[in-house]
Amino acid sequence: MTQTVYTTEEIKKIEEKWQKIWEERKIFRVSENSSKAKYYVLEMFPYPSGKIHMGHVRNYTIADVIARFKMMQGFNVLHPMGYDAFGQPAENAAIKRNVDPAEWTYSCIDQMRAELKRMGFSYDWGRELATCDREYYRWNQWIFLKMYERGLAYKKASSVNWCAGCETTLANEEVINGLCWRCKSEVGQKDLDQWYLKITGYKEKLLEDLQALDHWPQRVIAMQENWIGRSRGVNMYFQLKDFDEKITVFTTRPDTIFGATYVVLAPEHPLVDKLISGVPREPEIRRFIEKVKAENKNLRTAGDKKKEGMFTGRHAINPANKEEVPVWIADYVLMEYGAGAIMAVPTHDQRDFLFAKEHHLPMRMVIQDPAQPDITVHELTCAYEGEGLLINSVQFDGVPSREAIEKIGRWMETQGMGQMTVHWRLRDWLISRQRYWGTPIPFIYCDRCGLVPVPQEQLPVELPKNVKITGEGGSPLNHCPEFVHVPCPRCQGPARRETDTMATFFDSSWYYLRYCSAKDETQVFDKKQASYWMPVDQYIGGIEHAILHLLYSRFFTKFLKDIGLIDCDEPFIRLLTQGMVLKDGEVMSKSRGNTVDPDSIIEKYGADALRLFILFAAPPEEQLEWNDHAIDGAWKFLNRVWLCAGNRFRPNDQQVSAERMDQEDKELERERNAAIKKITQDLSEGFKFNTAISGLMILLNKIDKYKADERDPVKQTILNRAIQTMILLLSPFTPHLCEELWQKMGAREESISRAAWPTHDEEALKQDLIQIVAQVNGKLRGKFDVPADITEEALRQIILSDPKVKEFTQGKPPRKFIYVPGKLANIVV
RNA sequence: GGGCGGAUGGCGGAAUUGGUAGACGCGCAUGCCUUAGGAGCAUGUGGGGAAACUCAUGGAGGUUCAAGUCCUCUUCCGCCCACCA
């Protein structure tokens, strides 16, 4: 019988067959009751749009190879999947197509699940969850109430980012260059009563613990550090002239205090009103302030915008030199950062320099630029922001600026002029959304009792059905009287429910914990099971979640540890951020119209070929350029494997001892062992799937070249062994094909994923003859096959007597002979 | 402005971490197989040169017996952050 080409029909039959077996026999179901070491592999769960795209395929294929590799290595592998199912697209669909968001979402999930199954991923489907499930979001509410108990969830009236397009508030993190991250419309400001989570309560830990995340990409750590934004500086007090109050300014550059020639307040600063009351230009100033306040905060702070400001007519005293300096108001000072007021040092801060030039404000140099020590204030064309010795700074003259930062800070503290302090960029997390398709925030407003949390036993606060979603007029739940009007849980009097829902980032901040006991209806998650599985050993997803999702998840983990529910500090030990999938040099996206539908590729080539291509084309962290030809290549390779294993494997149970092997046999055995070693290394030390696959291609090439007479049992055994090893090593990458071949070759396991990962024999890697490269003055001049155990002296004789080497040394005696054992010899003349 | 990555054949990418640059694959070329296939097999494929050789890892220097890899300067590209005081 001859096995022929691996056809589309055959591929389809085989892939469906094994997907069915995996499902029916629950091959990938796991429990924590195992003596094996655990390994938790997790990919960032998808928003269920219905269709999977190449980005998903890449993300999940990477995770699947890791999961299957670890299974075969004997780990108890948890590999779950679910859906980040709340959010605006469902509402938009509801508006556009007049469908129920829940119905729409669940039908998308069904489609998506089917597509994921067609890829052959090794998920434990028994743990599947969707964040819009009643049994999931109920625990969102439970966690929210726990946070409230601890003072970590609170309501605050504040000016918030408001997206008119989505008719909702946005977190700072969701505003990108002044535009809504989702609909790209311009974001404005609005005063609203909103729910916040006090993530700032964990800022120190969130920053410090980054240091321990050795297996996270450096840049993700840097991005989080940046976002948390710790900066050390000094709060300085500028006494106002004619008033009792002092203005506090924050600066990271106390070394420049003697050059502070004016003070600037943010327009929102609380002292502004008092200061400008009664000054001659009061109406004009008020108009200016109103104008700035109405402006979009993010546009206002755009880098290239011209700075505008006005003199208040008031003065303050520079605490260091007791000089009177004018007090200004300007749009480039933000109330949210520092003290909402700055001291301006035009000579050493470029923004202050431009502002001072524009408004003819005084300047004084206090740090000497070593490159042009004699330059005067009038000759300056830009601020000097570098280091140097202090000048015009009384007792600090001559002190290097770096030292002066510390010295002046301490001096001001002892003089009561200021206080050394630390400022953070991280803000509390605005969680309220005026949206329907999200988790209802479990609170009730009672005229008599005030804000009342919904009692635990009344959870979940269910999202009502049949709510009219128009996309207009704020929160849809507001227009749903049976939801809004409820009795107060405390006094039973008439009360109103909170109608805001939670931002979906809340849902995704703890789903990895829920997977540990996904079906538990009695608690948020089972403590014992979570402590068995957590933390996640390997997390995989896109770089776009480097800040928000990962920071929030870290925050939740720390909180849940503090209330005694888990025992780990950090949720994700290792993080792999996979690169984007490009086509024609651009990111694949619907709007660009350059997508390749995974389904159509599976249809033609099968899931295995798609998986193989996507892993082979680039290292996982790098961008991947889609290539129609290369997928053909992946299929070609699988076809060769199919033909090789199908036609050349002949069952026999001959034992072969090393003495009976000839040169070719030993050679193939060596290649087999080398492949095991290389591929195991590539998968263990970082995830070098591309080179692991090239190693498999090399092994197949060697097997193809190996001539074995079918009637020679020794050769057949060696051939069989090589083929079996190849199939085992290939199986995490292309599981369907390998399951089929493994079974044909007489598998004892139910699934190849239960077979043991092969190990190599270091002895078999040894060679009798090795190649030594000879160099003369560092240039390659010859190659010599010599016995592996050759001495340096013997090698030296061989090389130096070689005619070609002689030609290049021109008979001169070597000045130096450098020998790198087993590799290379360099003759220096 | 700050931070983090990159730059190697026609293309995707390798290179044991200082030791044969271009593994493996795609593409291309020439044959073979007459079982006409998304085949398969063989050979070749960085540039120059008939060859011996020689030049080549964005550019310029340097360290070294030896540099894609280390150091200094520089150009270009990508991503993230940013009136953050």
# chains A, B, ... in the order shown; residues from 1 in each chain; ligands from 1
call {"tool": "select_by_dssp", "arguments": {"residues": "region 213-371 of chain A", "states": "strand (DSSP E)", "output": "ChimeraX atom specification"}}
result
/A:230-240,246-251,262-265,309-317,324-330,341-344,367-368
call {"tool": "interface_residues", "arguments": {"of": "chain B", "to": "chain A", "cutoff": "10 Å", "atoms": "only C-alpha atoms (C1' of nucleotides)", "output": "count of residues only"}}
result
28
call {"tool": "residues_around", "arguments": {"residues": "Val57 (chain A)", "least_positions_apart": "5", "cutoff": "10 Å", "atoms": "only C-alpha atoms (C1' of nucleotides)", "output": "number ranges by chain"}}
result
A: 52, 62-63, 115-116, 119, 121, 581, 598, 607, 610-611, 614
call {"tool": "select_by_dssp", "arguments": {"residues": "region 534-624 of chain A", "states": "helix (DSSP H, G or I)", "output": "count of residues only"}}
result
36
call {"tool": "closest_residue", "arguments": {"among": "A:Val394, A:Leu275, A:Val292, A:Ala722", "to": "Asn321 (chain A)", "atoms": "only C-alpha atoms"}}
result
A:Val394
call {"tool": "atom_distance", "arguments": {"atom1": "CA of Trp411 (chain A)", "atom2": "CA of Asp374 (chain A)"}}
result
28.4 Å
call {"tool": "atom_distance", "arguments": {"atom1": "CA of Tyr384 (chain A)", "atom2": "CA of Asp369 (chain A)"}}
result
6.9 Å
call {"tool": "residues_around", "arguments": {"residues": "region 555-566 of chain A", "least_positions_apart": "3", "cutoff": "8 Å", "atoms": "only C-alpha atoms (C1' of nucleotides)", "output": "count of residues only"}}
result
13
call {"tool": "residues_around", "arguments": {"residues": "G59 (chain B)", "least_positions_apart": "5", "cutoff": "12 Å", "atoms": "only C-alpha atoms (C1' of nucleotides)", "output": "PDB file with N, CA, C and O atoms (P, O5', C5', C4', C3', O3' and C1' of nucleotides), in the first residue's frame"}}
result
ATOM      1  P     A B   7      18.659  43.837  13.441  1.00  0.00           P
ATOM      2  O5'   A B   7      18.659  44.757  12.135  1.00  0.00           O
ATOM      3  C5'   A B   7      17.657  44.545  11.126  1.00  0.00           C
ATOM      4  C4'   A B   7      17.795  45.599  10.055  1.00  0.00           C
ATOM      5  C3'   A B   7      19.064  45.471   9.225  1.00  0.00           C
ATOM      6  O3'   A B   7      18.759  45.629   7.846  1.00  0.00           O
ATOM      7  C1'   A B   7      18.927  47.631  10.185  1.00  0.00           C
ATOM      8  P     C B  73      29.195  57.930  21.943  1.00  0.00           P
ATOM      9  O5'   C B  73      29.279  58.514  20.464  1.00  0.00           O
ATOM     10  C5'   C B  73      29.991  59.724  20.198  1.00  0.00           C
ATOM     11  C4'   C B  73      30.244  59.863  18.725  1.00  0.00           C
ATOM     12  C3'   C B  73      29.018  59.931  17.828  1.00  0.00           C
ATOM     13  O3'   C B  73      28.391  61.200  17.846  1.00  0.00           O
ATOM     14  C1'   C B  73      30.581  58.464  16.860  1.00  0.00           C
ATOM     15  P     U B  74      26.791  61.271  17.641  1.00  0.00           P
ATOM     16  O5'   U B  74      26.619  60.783  16.126  1.00  0.00           O
ATOM     17  C5'   U B  74      27.116  61.588  15.050  1.00  0.00           C
ATOM     18  C4'   U B  74      26.898  60.875  13.740  1.00  0.00           C
ATOM     19  C3'   U B  74      25.445  60.549  13.413  1.00  0.00           C
ATOM     20  O3'   U B  74      24.753  61.671  12.877  1.00  0.00           O
ATOM     21  C1'   U B  74      26.776  58.641  13.000  1.00  0.00           C
ATOM     22  P     U B  75      23.185  61.763  13.023  1.00  0.00           P
ATOM     23  O5'   U B  75      22.671  60.853  11.810  1.00  0.00           O
ATOM     24  C5'   U B  75      22.985  61.216  10.465  1.00  0.00           C
ATOM     25  C4'   U B  75      22.507  60.136   9.521  1.00  0.00           C
ATOM     26  C3'   U B  75      21.049  59.721   9.688  1.00  0.00           C
ATOM     27  O3'   U B  75      20.162  60.615   9.047  1.00  0.00           O
ATOM     28  C1'   U B  75      22.396  57.791   9.519  1.00  0.00           C
ATOM     29  P     C B  76      18.714  60.849   9.645  1.00  0.00           P
ATOM     30  O5'   C B  76      17.942  59.517   9.234  1.00  0.00           O
ATOM     31  C5'   C B  76      17.680  59.233   7.857  1.00  0.00           C
ATOM     32  C4'   C B  76      17.294  57.789   7.692  1.00  0.00           C
ATOM     33  C3'   C B  76      16.044  57.350   8.452  1.00  0.00           C
ATOM     34  O3'   C B  76      14.856  57.715   7.781  1.00  0.00           O
ATOM     35  C1'   C B  76      17.742  55.748   8.788  1.00  0.00           C
TER      36        C B  76
END
call {"tool": "decode", "arguments": {"residues": "region 42-178 of chain A", "atoms": "C-alpha atoms", "output": "mmCIF file, in the first residue's frame"}}
result
data_model
loop_
_atom_site.group_PDB
_atom_site.id
_atom_site.type_symbol
_atom_site.label_atom_id
_atom_site.label_comp_id
_atom_site.auth_asym_id
_atom_site.auth_seq_id
_atom_site.Cartn_x
_atom_site.Cartn_y
_atom_site.Cartn_z
ATOM 1 C CA LEU A 42 -2.895 31.566 29.168
ATOM 2 C CA GLU A 43 -3.549 33.754 26.183
ATOM 3 C CA MET A 44 -5.372 37.062 26.420
ATOM 4 C CA PHE A 45 -8.970 36.118 25.804
ATOM 5 C CA PRO A 46 -10.681 37.578 22.738
ATOM 6 C CA TYR A 47 -13.522 39.982 22.330
ATOM 7 C CA PRO A 48 -16.097 37.765 20.580
ATOM 8 C CA SER A 49 -16.527 39.593 17.314
ATOM 9 C CA GLY A 50 -17.520 36.325 15.637
ATOM 10 C CA LYS A 51 -14.580 35.875 13.334
ATOM 11 C CA ILE A 52 -11.069 35.071 14.445
ATOM 12 C CA HIS A 53 -8.314 36.946 12.646
ATOM 13 C CA MET A 54 -4.658 36.170 11.992
ATOM 14 C CA GLY A 55 -3.637 37.980 15.172
ATOM 15 C CA HIS A 56 -5.724 35.536 17.194
ATOM 16 C CA VAL A 57 -4.379 32.604 15.226
ATOM 17 C CA ARG A 58 -0.837 33.675 15.956
ATOM 18 C CA ASN A 59 -1.446 34.371 19.628
ATOM 19 C CA TYR A 60 -3.237 31.091 20.274
ATOM 20 C CA THR A 61 -0.964 28.947 18.160
ATOM 21 C CA ILE A 62 2.031 30.135 20.160
ATOM 22 C CA ALA A 63 0.207 29.281 23.375
ATOM 23 C CA ASP A 64 -0.911 25.922 22.047
ATOM 24 C CA VAL A 65 2.583 24.780 21.145
ATOM 25 C CA ILE A 66 3.767 25.723 24.616
ATOM 26 C CA ALA A 67 0.839 23.924 26.226
ATOM 27 C CA ARG A 68 1.319 20.728 24.231
ATOM 28 C CA PHE A 69 5.078 20.776 24.719
ATOM 29 C CA LYS A 70 4.640 21.088 28.481
ATOM 30 C CA MET A 71 2.023 18.324 28.520
ATOM 31 C CA MET A 72 4.406 15.947 26.812
ATOM 32 C CA GLN A 73 7.121 16.941 29.237
ATOM 33 C CA GLY A 74 4.865 15.666 32.002
ATOM 34 C CA PHE A 75 3.336 18.848 33.373
ATOM 35 C CA ASN A 76 -0.279 19.116 34.464
ATOM 36 C CA VAL A 77 -1.199 21.851 32.004
ATOM 37 C CA LEU A 78 -4.072 24.263 32.452
ATOM 38 C CA HIS A 79 -4.949 25.864 29.133
ATOM 39 C CA PRO A 80 -8.349 27.549 29.221
ATOM 40 C CA MET A 81 -10.279 29.824 26.864
ATOM 41 C CA GLY A 82 -13.095 32.310 27.276
ATOM 42 C CA TYR A 83 -14.523 35.574 25.997
ATOM 43 C CA ASP A 84 -14.225 39.186 27.029
ATOM 44 C CA ALA A 85 -17.829 39.608 26.091
ATOM 45 C CA PHE A 86 -19.143 42.871 27.506
ATOM 46 C CA GLY A 87 -18.543 46.121 25.717
ATOM 47 C CA GLN A 88 -19.647 48.554 23.120
ATOM 48 C CA PRO A 89 -19.595 46.615 19.842
ATOM 49 C CA ALA A 90 -22.587 44.576 21.066
ATOM 50 C CA GLU A 91 -24.464 47.798 21.753
ATOM 51 C CA ASN A 92 -23.513 49.229 18.422
ATOM 52 C CA ALA A 93 -24.804 46.080 16.769
ATOM 53 C CA ALA A 94 -27.992 46.432 18.788
ATOM 54 C CA ILE A 95 -28.454 49.981 17.532
ATOM 55 C CA LYS A 96 -27.561 49.181 13.948
ATOM 56 C CA ARG A 97 -29.418 45.894 13.535
ATOM 57 C CA ASN A 98 -31.992 46.120 16.265
ATOM 58 C CA VAL A 99 -30.869 42.910 17.935
ATOM 59 C CA ASP A 100 -30.539 42.022 21.594
ATOM 60 C CA PRO A 101 -26.903 42.525 22.675
ATOM 61 C CA ALA A 102 -26.949 39.285 24.639
ATOM 62 C CA GLU A 103 -28.296 37.269 21.752
ATOM 63 C CA TRP A 104 -25.866 38.871 19.371
ATOM 64 C CA THR A 105 -22.914 38.270 21.690
ATOM 65 C CA TYR A 106 -23.738 34.636 22.344
ATOM 66 C CA SER A 107 -24.174 33.891 18.670
ATOM 67 C CA CYS A 108 -20.779 35.487 18.028
ATOM 68 C CA ILE A 109 -19.319 33.314 20.773
ATOM 69 C CA ASP A 110 -20.744 30.205 19.123
ATOM 70 C CA GLN A 111 -19.132 31.128 15.833
ATOM 71 C CA MET A 112 -15.867 31.961 17.465
ATOM 72 C CA ARG A 113 -15.753 28.716 19.449
ATOM 73 C CA ALA A 114 -16.287 26.746 16.252
ATOM 74 C CA GLU A 115 -13.397 28.567 14.605
ATOM 75 C CA LEU A 116 -11.118 28.012 17.572
ATOM 76 C CA LYS A 117 -11.954 24.327 17.487
ATOM 77 C CA ARG A 118 -11.043 24.168 13.821
ATOM 78 C CA MET A 119 -7.552 25.336 14.729
ATOM 79 C CA GLY A 120 -7.105 22.325 17.001
ATOM 80 C CA PHE A 121 -6.172 24.208 20.145
ATOM 81 C CA SER A 122 -5.749 22.117 23.276
ATOM 82 C CA TYR A 123 -8.230 23.959 25.486
ATOM 83 C CA ASP A 124 -9.934 22.587 28.523
ATOM 84 C CA TRP A 125 -13.382 23.509 27.235
ATOM 85 C CA GLY A 126 -14.898 22.547 30.564
ATOM 86 C CA ARG A 127 -13.656 25.875 31.910
ATOM 87 C CA GLU A 128 -14.979 28.092 29.140
ATOM 88 C CA LEU A 129 -16.445 31.368 30.377
ATOM 89 C CA ALA A 130 -17.855 34.611 29.026
ATOM 90 C CA THR A 131 -17.706 37.762 31.120
ATOM 91 C CA CYS A 132 -21.323 38.534 30.219
ATOM 92 C CA ASP A 133 -22.483 35.304 31.858
ATOM 93 C CA ARG A 134 -24.640 35.983 34.859
ATOM 94 C CA GLU A 135 -22.401 33.617 36.824
ATOM 95 C CA TYR A 136 -19.345 35.605 35.897
ATOM 96 C CA TYR A 137 -20.422 39.205 36.332
ATOM 97 C CA ARG A 138 -22.063 38.394 39.603
ATOM 98 C CA TRP A 139 -18.512 38.012 40.975
ATOM 99 C CA ASN A 140 -17.483 41.287 39.380
ATOM 100 C CA GLN A 141 -20.092 42.827 41.630
ATOM 101 C CA TRP A 142 -18.889 40.822 44.591
ATOM 102 C CA ILE A 143 -15.290 42.001 44.091
ATOM 103 C CA PHE A 144 -16.513 45.554 43.621
ATOM 104 C CA LEU A 145 -18.314 45.412 46.984
ATOM 105 C CA LYS A 146 -15.187 43.994 48.638
ATOM 106 C CA MET A 147 -13.233 46.918 47.253
ATOM 107 C CA TYR A 148 -15.870 49.284 48.552
ATOM 108 C CA GLU A 149 -15.616 47.740 52.007
ATOM 109 C CA ARG A 150 -11.907 48.406 51.919
ATOM 110 C CA GLY A 151 -12.333 51.957 50.711
ATOM 111 C CA LEU A 152 -10.922 51.112 47.305
ATOM 112 C CA ALA A 153 -14.111 51.863 45.380
ATOM 113 C CA TYR A 154 -15.551 55.325 45.856
ATOM 114 C CA LYS A 155 -17.728 57.934 44.205
ATOM 115 C CA LYS A 156 -16.430 61.325 43.339
ATOM 116 C CA ALA A 157 -17.755 64.312 41.474
ATOM 117 C CA SER A 158 -15.217 65.405 38.972
ATOM 118 C CA SER A 159 -14.476 66.706 35.585
ATOM 119 C CA VAL A 160 -14.184 63.650 33.427
ATOM 120 C CA ASN A 161 -13.280 62.774 29.892
ATOM 121 C CA TRP A 162 -16.493 62.631 27.952
ATOM 122 C CA CYS A 163 -16.844 61.075 24.555
ATOM 123 C CA ALA A 164 -19.781 62.593 22.747
ATOM 124 C CA GLY A 165 -19.597 59.882 20.079
ATOM 125 C CA CYS A 166 -19.999 57.002 22.529
ATOM 126 C CA GLU A 167 -21.944 59.145 25.019
ATOM 127 C CA THR A 168 -19.885 57.925 27.882
ATOM 128 C CA THR A 169 -17.012 58.757 30.146
ATOM 129 C CA LEU A 170 -13.566 57.469 29.417
ATOM 130 C CA ALA A 171 -10.595 56.610 31.577
ATOM 131 C CA ASN A 172 -7.438 58.652 30.937
ATOM 132 C CA GLU A 173 -6.031 55.477 29.506
ATOM 133 C CA GLU A 174 -8.762 55.406 26.902
ATOM 134 C CA VAL A 175 -8.025 58.859 25.548
ATOM 135 C CA ILE A 176 -5.392 58.790 22.849
ATOM 136 C CA ASN A 177 -4.117 62.128 21.577
ATOM 137 C CA GLY A 178 -7.339 63.765 22.624
#
